[in-house]
>>> print(open('upload-v9.tsv').read())   # TSV, C-alpha atoms
chain	number	residue	atom	x	y	z
A	1	MET	CA	-42.52	-42.21	130.37
A	2	ARG	CA	-39.79	-41.79	127.79
A	3	LYS	CA	-40.28	-39.54	124.79
A	4	ILE	CA	-42.79	-40.91	122.34
A	5	ASP	CA	-42.77	-40.71	118.53
A	6	ALA	CA	-45.32	-37.90	118.32
A	7	ILE	CA	-45.07	-34.36	116.94
A	8	LEU	CA	-46.66	-31.57	118.97
A	9	THR	CA	-47.68	-29.26	116.18
A	10	TYR	CA	-50.10	-26.74	117.71
A	11	ASN	CA	-49.94	-25.30	121.23
A	12	LYS	CA	-46.93	-27.38	122.28
A	13	PRO	CA	-47.10	-26.55	126.04
A	14	LYS	CA	-50.74	-27.60	126.20
A	15	GLY	CA	-49.91	-30.71	124.16
A	16	GLU	CA	-47.16	-31.69	126.60
A	17	SER	CA	-49.52	-31.14	129.51
A	18	PHE	CA	-52.16	-33.30	127.82
A	19	LEU	CA	-49.64	-36.12	127.24
A	20	LYS	CA	-48.62	-36.04	130.92
A	21	LYS	CA	-52.29	-36.21	131.92
A	22	LEU	CA	-52.68	-39.45	129.92
A	23	SER	CA	-49.46	-41.09	131.11
A	24	GLY	CA	-50.12	-44.36	132.93
A	25	LYS	CA	-53.85	-44.18	132.23
A	26	ARG	CA	-56.22	-46.72	130.62
A	27	PRO	CA	-57.71	-45.62	127.29
A	28	LEU	CA	-60.80	-46.87	125.45
A	29	PHE	CA	-61.02	-46.49	121.67
A	30	VAL	CA	-64.40	-45.61	120.16
A	31	CYS	CA	-64.88	-45.68	116.40
A	32	THR	CA	-67.84	-43.63	115.17
A	33	ILE	CA	-69.14	-44.65	111.76
A	34	GLY	CA	-71.72	-43.47	109.25
A	35	ASN	CA	-72.57	-43.04	105.58
A	36	THR	CA	-73.33	-40.01	103.43
A	37	GLU	CA	-74.61	-40.02	99.84
A	38	THR	CA	-72.14	-37.18	99.27
A	39	ALA	CA	-69.39	-39.83	99.09
A	40	LYS	CA	-70.94	-41.20	95.88
A	41	THR	CA	-70.14	-38.01	93.98
A	42	PRO	CA	-67.55	-39.23	91.42
A	43	GLY	CA	-64.04	-38.07	92.33
A	44	ILE	CA	-64.81	-36.89	95.86
A	45	SER	CA	-63.57	-39.87	97.92
A	46	ALA	CA	-60.97	-42.62	97.55
A	47	ALA	CA	-62.46	-44.71	100.37
A	48	GLY	CA	-63.55	-47.60	98.14
A	49	LYS	CA	-62.79	-49.18	94.78
A	50	ASN	CA	-65.68	-47.15	93.33
A	51	PRO	CA	-68.21	-44.63	94.73
A	52	GLU	CA	-70.97	-47.23	95.21
A	53	LEU	CA	-68.74	-49.35	97.45
A	54	THR	CA	-68.25	-46.50	99.96
A	55	ASP	CA	-71.34	-47.77	101.84
A	56	TYR	CA	-69.29	-50.83	102.82
A	57	THR	CA	-66.12	-49.04	103.95
A	58	PRO	CA	-67.16	-48.04	107.52
A	59	PRO	CA	-68.65	-51.43	108.49
A	60	ALA	CA	-65.68	-53.25	106.97
A	61	ASP	CA	-63.26	-50.97	108.84
A	62	VAL	CA	-64.78	-51.75	112.24
A	63	GLU	CA	-65.10	-55.47	111.48
A	64	LEU	CA	-61.36	-55.40	110.88
A	65	LEU	CA	-60.80	-53.72	114.25
A	66	LEU	CA	-62.88	-56.20	116.25
A	67	LEU	CA	-62.61	-59.44	114.26
A	68	GLY	CA	-59.23	-59.04	112.57
A	69	ARG	CA	-60.94	-59.54	109.19
A	70	CYS	CA	-63.84	-58.11	107.20
A	71	LYS	CA	-67.13	-59.97	106.79
A	72	CYS	CA	-69.30	-57.57	104.77
A	73	ILE	CA	-66.73	-57.48	101.94
A	74	PRO	CA	-63.95	-59.82	100.81
A	75	GLY	CA	-60.45	-58.62	101.74
A	76	VAL	CA	-60.10	-55.14	103.25
A	77	PRO	CA	-61.31	-51.70	102.10
A	78	VAL	CA	-58.95	-50.21	99.53
A	79	THR	CA	-58.64	-47.07	97.42
A	80	PRO	CA	-59.25	-47.30	93.64
A	81	GLU	CA	-55.46	-47.84	93.34
A	82	GLY	CA	-55.56	-50.73	95.83
A	83	ILE	CA	-54.03	-48.91	98.83
A	84	PRO	CA	-55.38	-50.47	102.06
A	85	THR	CA	-57.52	-48.82	104.71
A	86	PRO	CA	-55.85	-46.98	107.61
A	87	ALA	CA	-57.83	-49.35	109.84
A	88	LEU	CA	-54.76	-51.59	109.47
A	89	ILE	CA	-52.76	-48.96	111.38
A	90	THR	CA	-55.48	-48.57	114.01
A	91	LYS	CA	-55.91	-52.33	114.46
A	92	SER	CA	-52.14	-52.80	114.85
A	93	ALA	CA	-51.80	-50.00	117.43
A	94	LEU	CA	-54.78	-51.16	119.49
A	95	ARG	CA	-53.64	-54.81	119.50
A	96	LEU	CA	-50.06	-53.94	120.44
A	97	ALA	CA	-51.17	-51.83	123.40
A	98	ASP	CA	-54.18	-54.00	124.34
A	99	ILE	CA	-56.63	-51.10	124.06
A	100	PRO	CA	-60.33	-52.10	124.03
A	101	VAL	CA	-62.64	-51.01	121.20
A	102	LEU	CA	-66.26	-49.89	121.03
A	103	VAL	CA	-68.13	-49.00	117.83
A	104	ALA	CA	-70.88	-46.38	117.60
A	105	SER	CA	-73.13	-45.74	114.61
A	106	GLY	CA	-74.39	-42.31	113.61
A	107	GLY	CA	-76.35	-43.72	110.64
A	108	LEU	CA	-75.45	-46.61	108.30
A	109	ARG	CA	-76.63	-48.14	105.03
A	110	VAL	CA	-74.75	-51.39	105.65
A	111	LYS	CA	-74.55	-52.72	109.20
A	112	PRO	CA	-71.33	-54.40	110.38
A	113	HIS	CA	-71.30	-58.04	111.51
A	114	ILE	CA	-70.25	-57.08	115.04
A	115	PRO	CA	-71.98	-55.63	118.14
A	116	PHE	CA	-72.22	-51.85	117.95
A	117	LEU	CA	-73.90	-48.95	119.72
A	118	ASP	CA	-76.74	-47.63	117.54
A	119	LEU	CA	-77.37	-43.97	118.37
A	120	GLY	CA	-80.60	-43.86	116.36
A	121	GLY	CA	-79.38	-41.88	113.36
A	122	SER	CA	-80.10	-42.38	109.66
A	123	PRO	CA	-77.64	-42.46	106.75
A	124	GLY	CA	-76.86	-39.01	105.37
A	125	GLY	CA	-78.16	-37.56	102.13
A	126	ASP	CA	-76.31	-35.65	99.42
A	127	ILE	CA	-75.41	-32.21	100.79
A	128	ARG	CA	-76.09	-30.66	97.39
A	129	THR	CA	-79.80	-31.01	98.23
A	130	GLY	CA	-79.40	-28.94	101.40
A	131	LYS	CA	-80.93	-31.86	103.34
A	132	ALA	CA	-77.93	-33.76	104.64
A	133	VAL	CA	-78.89	-35.37	107.98
A	134	GLU	CA	-82.12	-36.10	109.84
A	135	ASN	CA	-82.73	-36.11	113.58
A	136	VAL	CA	-79.44	-34.35	114.44
A	137	GLY	CA	-80.49	-32.93	117.80
A	138	GLU	CA	-81.85	-36.25	119.05
A	139	VAL	CA	-78.73	-38.16	118.00
A	140	ILE	CA	-76.50	-35.62	119.75
A	141	LYS	CA	-78.58	-36.02	122.94
A	142	ARG	CA	-78.35	-39.82	122.78
A	143	ALA	CA	-74.63	-39.72	122.01
A	144	THR	CA	-74.06	-37.33	124.93
A	145	ILE	CA	-75.71	-39.79	127.31
A	146	ALA	CA	-73.64	-42.59	125.79
A	147	GLY	CA	-70.45	-40.53	126.16
A	148	GLU	CA	-71.14	-39.94	129.84
A	149	SER	CA	-71.66	-43.66	130.40
A	150	ILE	CA	-68.65	-44.79	128.35
A	151	ALA	CA	-66.42	-42.35	130.25
A	152	GLU	CA	-67.03	-44.46	133.37
A	153	LEU	CA	-65.25	-47.38	131.70
A	154	ALA	CA	-61.83	-45.81	131.09
A	155	ASP	CA	-59.44	-43.08	132.20
A	156	TYR	CA	-59.69	-41.37	128.82
A	157	LEU	CA	-61.30	-41.89	125.42
A	158	VAL	CA	-59.79	-41.92	121.96
A	159	ILE	CA	-62.60	-41.29	119.47
A	160	GLY	CA	-62.04	-41.94	115.76
A	161	GLU	CA	-64.28	-42.06	112.71
A	162	SER	CA	-64.90	-43.76	109.39
A	163	ILE	CA	-67.14	-42.03	106.86
A	164	PRO	CA	-66.25	-41.70	103.17
A	165	GLY	CA	-66.83	-38.18	101.87
A	166	GLY	CA	-66.34	-36.76	105.36
A	167	THR	CA	-63.90	-33.98	104.46
A	168	THR	CA	-66.45	-32.52	102.03
A	169	THR	CA	-69.24	-32.51	104.61
A	170	ALA	CA	-66.74	-31.08	107.12
A	171	LEU	CA	-66.06	-28.24	104.69
A	172	GLY	CA	-69.79	-27.61	104.46
A	173	VAL	CA	-70.32	-27.37	108.21
A	174	LEU	CA	-67.18	-25.30	108.76
A	175	LEU	CA	-68.16	-22.74	106.11
A	176	ALA	CA	-71.74	-22.57	107.38
A	177	MET	CA	-70.38	-21.89	110.87
A	178	GLY	CA	-67.97	-19.18	109.73
A	179	ILE	CA	-64.61	-20.99	109.67
A	180	ASP	CA	-62.47	-20.05	106.66
A	181	THR	CA	-61.64	-23.50	105.27
A	182	GLU	CA	-62.01	-23.28	101.52
A	183	GLY	CA	-59.00	-25.10	100.04
A	184	LYS	CA	-57.87	-26.25	103.52
A	185	VAL	CA	-59.57	-29.61	104.16
A	186	SER	CA	-57.60	-32.77	103.49
A	187	SER	CA	-58.26	-35.66	101.12
A	188	SER	CA	-57.60	-39.39	100.91
A	189	MET	CA	-56.13	-38.69	97.45
A	190	PRO	CA	-52.76	-37.07	96.65
A	191	GLY	CA	-54.50	-34.70	94.22
A	192	ASN	CA	-56.89	-33.02	96.63
A	193	PRO	CA	-60.09	-32.22	94.64
A	194	HIS	CA	-60.66	-28.82	96.28
A	195	LYS	CA	-62.62	-27.43	93.32
A	196	LEU	CA	-65.07	-30.34	93.34
A	197	LYS	CA	-65.51	-30.15	97.12
A	198	THR	CA	-66.13	-26.40	97.02
A	199	GLU	CA	-68.64	-26.73	94.17
A	200	THR	CA	-70.46	-29.50	96.07
A	201	VAL	CA	-70.62	-27.42	99.26
A	202	LYS	CA	-71.70	-24.26	97.46
A	203	ALA	CA	-74.57	-26.18	95.85
A	204	GLY	CA	-75.60	-27.30	99.34
A	205	LEU	CA	-75.33	-23.78	100.76
A	206	LYS	CA	-77.51	-22.46	97.96
A	207	ALA	CA	-80.10	-25.22	98.28
A	208	SER	CA	-80.42	-24.66	102.03
A	209	GLY	CA	-80.33	-20.85	101.86
A	210	VAL	CA	-77.24	-20.74	104.07
A	211	GLU	CA	-74.39	-18.25	103.72
A	212	PHE	CA	-70.84	-18.28	105.10
A	213	GLY	CA	-71.07	-17.96	108.90
A	214	SER	CA	-74.85	-17.64	109.02
A	215	LEU	CA	-75.14	-20.78	111.19
A	216	ALA	CA	-72.30	-19.92	113.59
A	217	GLY	CA	-74.68	-20.27	116.52
A	218	ASP	CA	-76.73	-23.16	115.14
A	219	PRO	CA	-74.59	-26.31	114.82
A	220	ILE	CA	-77.62	-28.59	114.66
A	221	LYS	CA	-78.93	-26.83	111.55
A	222	ALA	CA	-75.40	-26.73	110.06
A	223	ILE	CA	-75.14	-30.53	110.30
A	224	SER	CA	-78.75	-30.98	109.17
A	225	CYS	CA	-78.12	-28.98	105.98
A	226	LEU	CA	-74.48	-29.70	105.15
A	227	GLY	CA	-73.02	-32.32	107.48
A	228	ASP	CA	-73.02	-36.09	107.90
A	229	PRO	CA	-74.37	-38.50	110.55
A	230	MET	CA	-70.91	-39.28	111.96
A	231	MET	CA	-70.62	-35.66	113.17
A	232	SER	CA	-73.77	-35.82	115.32
A	233	ALA	CA	-72.61	-39.03	117.00
A	234	PHE	CA	-68.99	-37.94	117.41
A	235	ALA	CA	-69.86	-34.49	118.79
A	236	GLY	CA	-72.33	-35.96	121.28
A	237	LEU	CA	-69.83	-38.56	122.50
A	238	VAL	CA	-67.26	-35.80	123.05
A	239	LEU	CA	-69.78	-33.57	124.84
A	240	GLY	CA	-70.73	-36.38	127.22
A	241	ALA	CA	-67.32	-37.93	127.84
A	242	ALA	CA	-65.22	-34.76	128.12
A	243	THR	CA	-67.23	-33.58	131.14
A	244	LYS	CA	-65.62	-36.51	132.99
A	245	VAL	CA	-62.39	-37.63	131.29
A	246	PRO	CA	-59.87	-36.35	128.70
A	247	VAL	CA	-60.78	-37.06	125.07
A	248	LEU	CA	-58.33	-37.47	122.20
A	249	MET	CA	-60.24	-36.66	119.01
A	250	ALA	CA	-58.59	-38.94	116.46
A	251	GLY	CA	-58.68	-37.72	112.87
A	252	GLY	CA	-57.67	-35.11	110.33
A	253	THR	CA	-59.39	-31.93	109.17
A	254	GLN	CA	-62.83	-33.42	109.90
A	255	MET	CA	-62.01	-32.86	113.56
A	256	GLY	CA	-62.33	-29.14	112.83
A	257	ALA	CA	-66.03	-29.56	112.07
A	258	VAL	CA	-66.64	-31.70	115.17
A	259	LEU	CA	-64.70	-29.25	117.34
A	260	THR	CA	-66.72	-26.30	116.00
A	261	VAL	CA	-69.96	-28.10	116.85
A	262	VAL	CA	-68.71	-29.05	120.33
A	263	LYS	CA	-67.57	-25.49	121.02
A	264	ALA	CA	-70.95	-24.07	119.99
A	265	LEU	CA	-72.78	-26.47	122.34
A	266	ASN	CA	-70.49	-26.46	125.40
A	267	GLN	CA	-67.23	-24.47	125.57
A	268	GLN	CA	-66.55	-25.85	129.06
A	269	VAL	CA	-65.23	-29.16	127.69
A	270	LEU	CA	-62.58	-27.66	125.39
A	271	ASP	CA	-59.84	-27.81	128.04
A	272	ASN	CA	-60.26	-31.59	128.19
A	273	LEU	CA	-59.68	-32.12	124.44
A	274	ALA	CA	-56.78	-32.70	122.09
A	275	ILE	CA	-56.59	-33.81	118.47
A	276	GLY	CA	-54.60	-36.91	117.55
A	277	THR	CA	-53.59	-37.28	113.90
A	278	THR	CA	-50.74	-38.49	111.68
A	279	ARG	CA	-47.59	-36.85	110.35
A	280	TRP	CA	-49.04	-37.22	106.84
A	281	ILE	CA	-51.86	-34.82	107.72
A	282	ILE	CA	-49.71	-32.11	109.28
A	283	THR	CA	-47.13	-32.20	106.46
A	284	ASP	CA	-49.80	-32.26	103.74
A	285	LYS	CA	-49.32	-29.19	101.55
A	286	THR	CA	-52.85	-29.49	100.12
A	287	SER	CA	-54.59	-28.98	103.49
A	288	ASN	CA	-54.11	-27.04	106.72
A	289	LEU	CA	-55.34	-28.71	109.92
A	290	ARG	CA	-53.39	-26.32	112.13
A	291	GLY	CA	-54.87	-23.29	110.35
A	292	ILE	CA	-58.38	-24.66	110.77
A	293	ILE	CA	-58.03	-25.47	114.49
A	294	ALA	CA	-56.39	-22.09	115.20
A	295	GLN	CA	-59.63	-20.41	114.09
A	296	ILE	CA	-61.76	-22.51	116.43
A	297	ALA	CA	-60.17	-23.23	119.81
A	298	ASP	CA	-56.90	-23.47	121.72
A	299	VAL	CA	-56.80	-27.26	121.44
A	300	PRO	CA	-53.43	-29.02	120.99
A	301	ILE	CA	-52.65	-31.26	118.01
A	302	LEU	CA	-50.58	-34.42	118.57
A	303	ALA	CA	-49.38	-36.19	115.42
A	304	ALA	CA	-48.09	-39.77	115.40
A	305	ASP	CA	-44.71	-39.61	113.66
A	306	LEU	CA	-45.30	-42.69	111.50
A	307	ASP	CA	-42.92	-43.39	108.61
A	308	PHE	CA	-43.59	-46.03	105.96
A	309	SER	CA	-40.85	-44.95	103.55
A	310	ARG	CA	-38.78	-48.08	104.25
A	311	SER	CA	-41.68	-50.52	104.33
A	312	ARG	CA	-41.24	-53.66	102.24
A	313	PHE	CA	-44.81	-53.24	100.96
A	314	GLU	CA	-45.60	-50.86	98.14
A	315	GLY	CA	-49.15	-50.43	99.46
A	316	LEU	CA	-47.76	-48.98	102.70
A	317	ARG	CA	-45.02	-46.90	101.06
A	318	ALA	CA	-47.82	-45.19	99.12
A	319	TYR	CA	-48.82	-43.40	102.35
A	320	GLU	CA	-45.62	-41.37	102.01
A	321	LYS	CA	-46.89	-40.13	98.62
A	322	GLY	CA	-50.01	-38.53	100.08
A	323	VAL	CA	-52.46	-41.40	99.66
A	324	VAL	CA	-55.05	-41.95	102.46
A	325	LYS	CA	-53.05	-40.11	105.21
A	326	GLU	CA	-55.51	-40.71	108.08
A	327	GLY	CA	-58.80	-42.38	108.99
A	328	VAL	CA	-60.42	-44.80	111.44
A	329	GLY	CA	-58.61	-42.91	114.22
A	330	ALA	CA	-55.20	-44.15	113.02
A	331	GLY	CA	-53.13	-41.26	114.35
A	332	GLY	CA	-54.87	-41.04	117.72
A	333	ALA	CA	-54.75	-44.82	118.19
A	334	ALA	CA	-51.00	-44.80	117.44
A	335	VAL	CA	-50.40	-41.96	119.93
A	336	ALA	CA	-52.48	-43.74	122.60
A	337	ALA	CA	-50.55	-46.99	122.06
A	338	MET	CA	-47.25	-45.14	122.49
A	339	ILE	CA	-48.47	-43.42	125.67
A	340	LYS	CA	-49.93	-46.57	127.22
A	341	SER	CA	-46.68	-48.48	126.61
A	342	GLY	CA	-44.63	-45.72	128.26
A	343	GLY	CA	-42.85	-45.16	124.95
A	344	SER	CA	-41.82	-48.79	124.39
A	345	ILE	CA	-44.16	-48.95	121.38
A	346	THR	CA	-42.34	-46.83	118.79
A	347	ARG	CA	-42.97	-46.04	115.14
A	348	GLN	CA	-40.64	-48.95	114.27
A	349	THR	CA	-42.59	-51.34	116.51
A	350	LEU	CA	-45.81	-50.15	114.93
A	351	LEU	CA	-44.49	-50.55	111.40
A	352	GLY	CA	-43.47	-54.13	112.15
A	353	GLU	CA	-46.95	-54.98	113.43
A	354	ILE	CA	-48.65	-53.12	110.57
A	355	GLU	CA	-46.54	-55.03	108.03
A	356	ARG	CA	-47.37	-58.34	109.72
A	357	ASN	CA	-51.09	-57.56	109.55
A	358	TYR	CA	-50.75	-56.21	106.00
A	359	LYS	CA	-49.16	-59.45	104.80
A	360	GLN	CA	-51.78	-61.54	106.56
A	361	LEU	CA	-54.75	-59.57	105.25
A	362	VAL	CA	-53.59	-58.24	101.86
A	363	GLY	CA	-50.92	-60.79	101.10
A	364	SER	CA	-49.04	-58.98	98.31
A	365	GLU	CA	-45.70	-57.21	98.22
>>> encode(input="upload-v9.tsv", output="structure tokens")
Amino acid sequence: MRKIDAILTYNKPKGESFLKKLSGKRPLFVCTIGNTETAKTPGISAAGKNPELTDYTPPADVELLLLGRCKCIPGVPVTPEGIPTPALITKSALRLADIPVLVASGGLRVKPHIPFLDLGGSPGGDIRTGKAVENVGEVIKRATIAGESIAELADYLVIGESIPGGTTTALGVLLAMGIDTEGKVSSSMPGNPHKLKTETVKAGLKASGVEFGSLAGDPIKAISCLGDPMMSAFAGLVLGAATKVPVLMAGGTQMGAVLTVVKALNQQVLDNLAIGTTRWIITDKTSNLRGIIAQIADVPILAADLDFSRSRFEGLRAYEKGVVKEGVGAGGAAVAAMIKSGGSITRQTLLGEIERNYKQLVGSE
């Protein structure tokens, strides 16, 4: 395999070893989706034209992946400024490399118009109440069984997520479990609302009687009080699959929360994990994925070196200005496409396909 357009940004030797392990192998992409009422806090998420529409973003994202168009909403999910969902990147990468897709639900308010694996979870509440997610332990158990079964279908898994408000709930779980992340989680907006996120999490900590690090050994309670339903599903899938095959956890700083939960429940699987993200996350000066992961585990970070600066579409060039950055497993899907193609799928190839899909689905310059 020739060199791929990916940046090894944390634990480079382990990252190189992980890439070699995946070379020539067949991946399966799993997108884990859910909703949290936390996303409806004004100013906390850009994953929708307005806070109330965030319920539709995850189902619309996965409809785009499987159908090539959205059915639960017209058009595609966009930010309040009209910047399109990163599912366009994921869809383009998966189609180019012919990587199959499976969708798993941790708890939804709006169900997608596609087949999906329902792990029995409920939509999440507002973490400011201290009652964020129900039935966490049971969903993790079900997702673990599912992960073990899904691992039989491929040589490795790429697991991504779509849940508006997820970096705020990630901050909540990380602080509850003793990871210093205040001011370090990312955002889908260029102006990262750290103050609002911290205030939201602190209200949740107070309501649930939790202090920094007091739930370090109790990930189920941490998610129950301060997390979101995607985390339960994602963590369980990792716990089940990584006992059998390598898993590329596809996402940004939310992967820190999932990794912390996984580590607390089974450290044995950590050697079979890596994080796949985008260049926009690792160069983001308003967050620190590397600093978060370094506190948790010796897991490598692989970043797809995507570059939209010369795109003919303003909506894609906006990614270079710090809008969106990551989501729906975009970075991990891009890395997996490059690996599966032996390096023949490059960032230029990807941009061409993304632009083609952008024009077809969004239609404007």
>>> closest_atom_pairs(input="upload-v9.tsv", of="region 192-269 of chain A", to="region 109-121 of chain A", cutoff="10 Å", atoms="all atoms listed in the file", output="tab-separated table")
residue	atom	partner	partner_atom	distance
A:Pro229	CA	A:Gly121	CA	6.7
A:Met230	CA	A:Gly121	CA	9.0
A:Ser232	CA	A:Gly121	CA	8.5
A:Ala233	CA	A:Leu119	CA	7.0
A:Gly236	CA	A:Leu119	CA	9.9
>>> closest_atom_pairs(input="upload-v9.tsv", of="region 162-263 of chain A", to="region 268-276 of chain A", cutoff="7 Å", atoms="all atoms listed in the file", output="JSON lines")
{"residue": "A:Leu239", "atom": "CA", "partner": "A:Val269", "partner_atom": "CA", "distance": 6.9}
{"residue": "A:Ala242", "atom": "CA", "partner": "A:Val269", "partner_atom": "CA", "distance": 5.6}
{"residue": "A:Thr243", "atom": "CA", "partner": "A:Val269", "partner_atom": "CA", "distance": 6.0}
{"residue": "A:Pro246", "atom": "CA", "partner": "A:Asn272", "partner_atom": "CA", "distance": 4.8}
{"residue": "A:Val247", "atom": "CA", "partner": "A:Leu273", "partner_atom": "CA", "distance": 5.1}
{"residue": "A:Leu248", "atom": "CA", "partner": "A:Ala274", "partner_atom": "CA", "distance": 5.0}
{"residue": "A:Met249", "atom": "CA", "partner": "A:Ile275", "partner_atom": "CA", "distance": 4.7}
{"residue": "A:Ala250", "atom": "CA", "partner": "A:Gly276", "partner_atom": "CA", "distance": 4.6}
{"residue": "A:Gly251", "atom": "CA", "partner": "A:Gly276", "partner_atom": "CA", "distance": 6.3}
{"residue": "A:Lys263", "atom": "CA", "partner": "A:Leu270", "partner_atom": "CA", "distance": 7.0}
>>> closest_residue(input="upload-v9.tsv", among="A:Ala151, A:Leu102, A:Ala46, A:Ala143", to="Glu63 (chain A)", atoms="only C-alpha atoms")
A:Leu102
>>> closest_residue(input="upload-v9.tsv", among="A:Leu205, A:Leu306, A:Glu199, A:Gly165", to="Thr349 (chain A)", atoms="all atoms listed in the file")
A:Leu306
>>> closest_residue(input="upload-v9.tsv", among="A:Glu182, A:Asp307, A:Glu37, A:Glu16", to="Gln348 (chain A)", atoms="only C-alpha atoms")
A:Asp307
>>> residues_around(input="upload-v9.tsv", residues="Gly204 (chain A)", least_positions_apart="6", cutoff="8 Å", atoms="only C-alpha atoms", output="ChimeraX atom specification")
/A:127-130,172,225-226
>>> closest_residue(input="upload-v9.tsv", among="A:Ile354, A:Leu65, A:Ile145, A:Ala60", to="Phe313 (chain A)", atoms="all atoms listed in the file")
A:Ile354
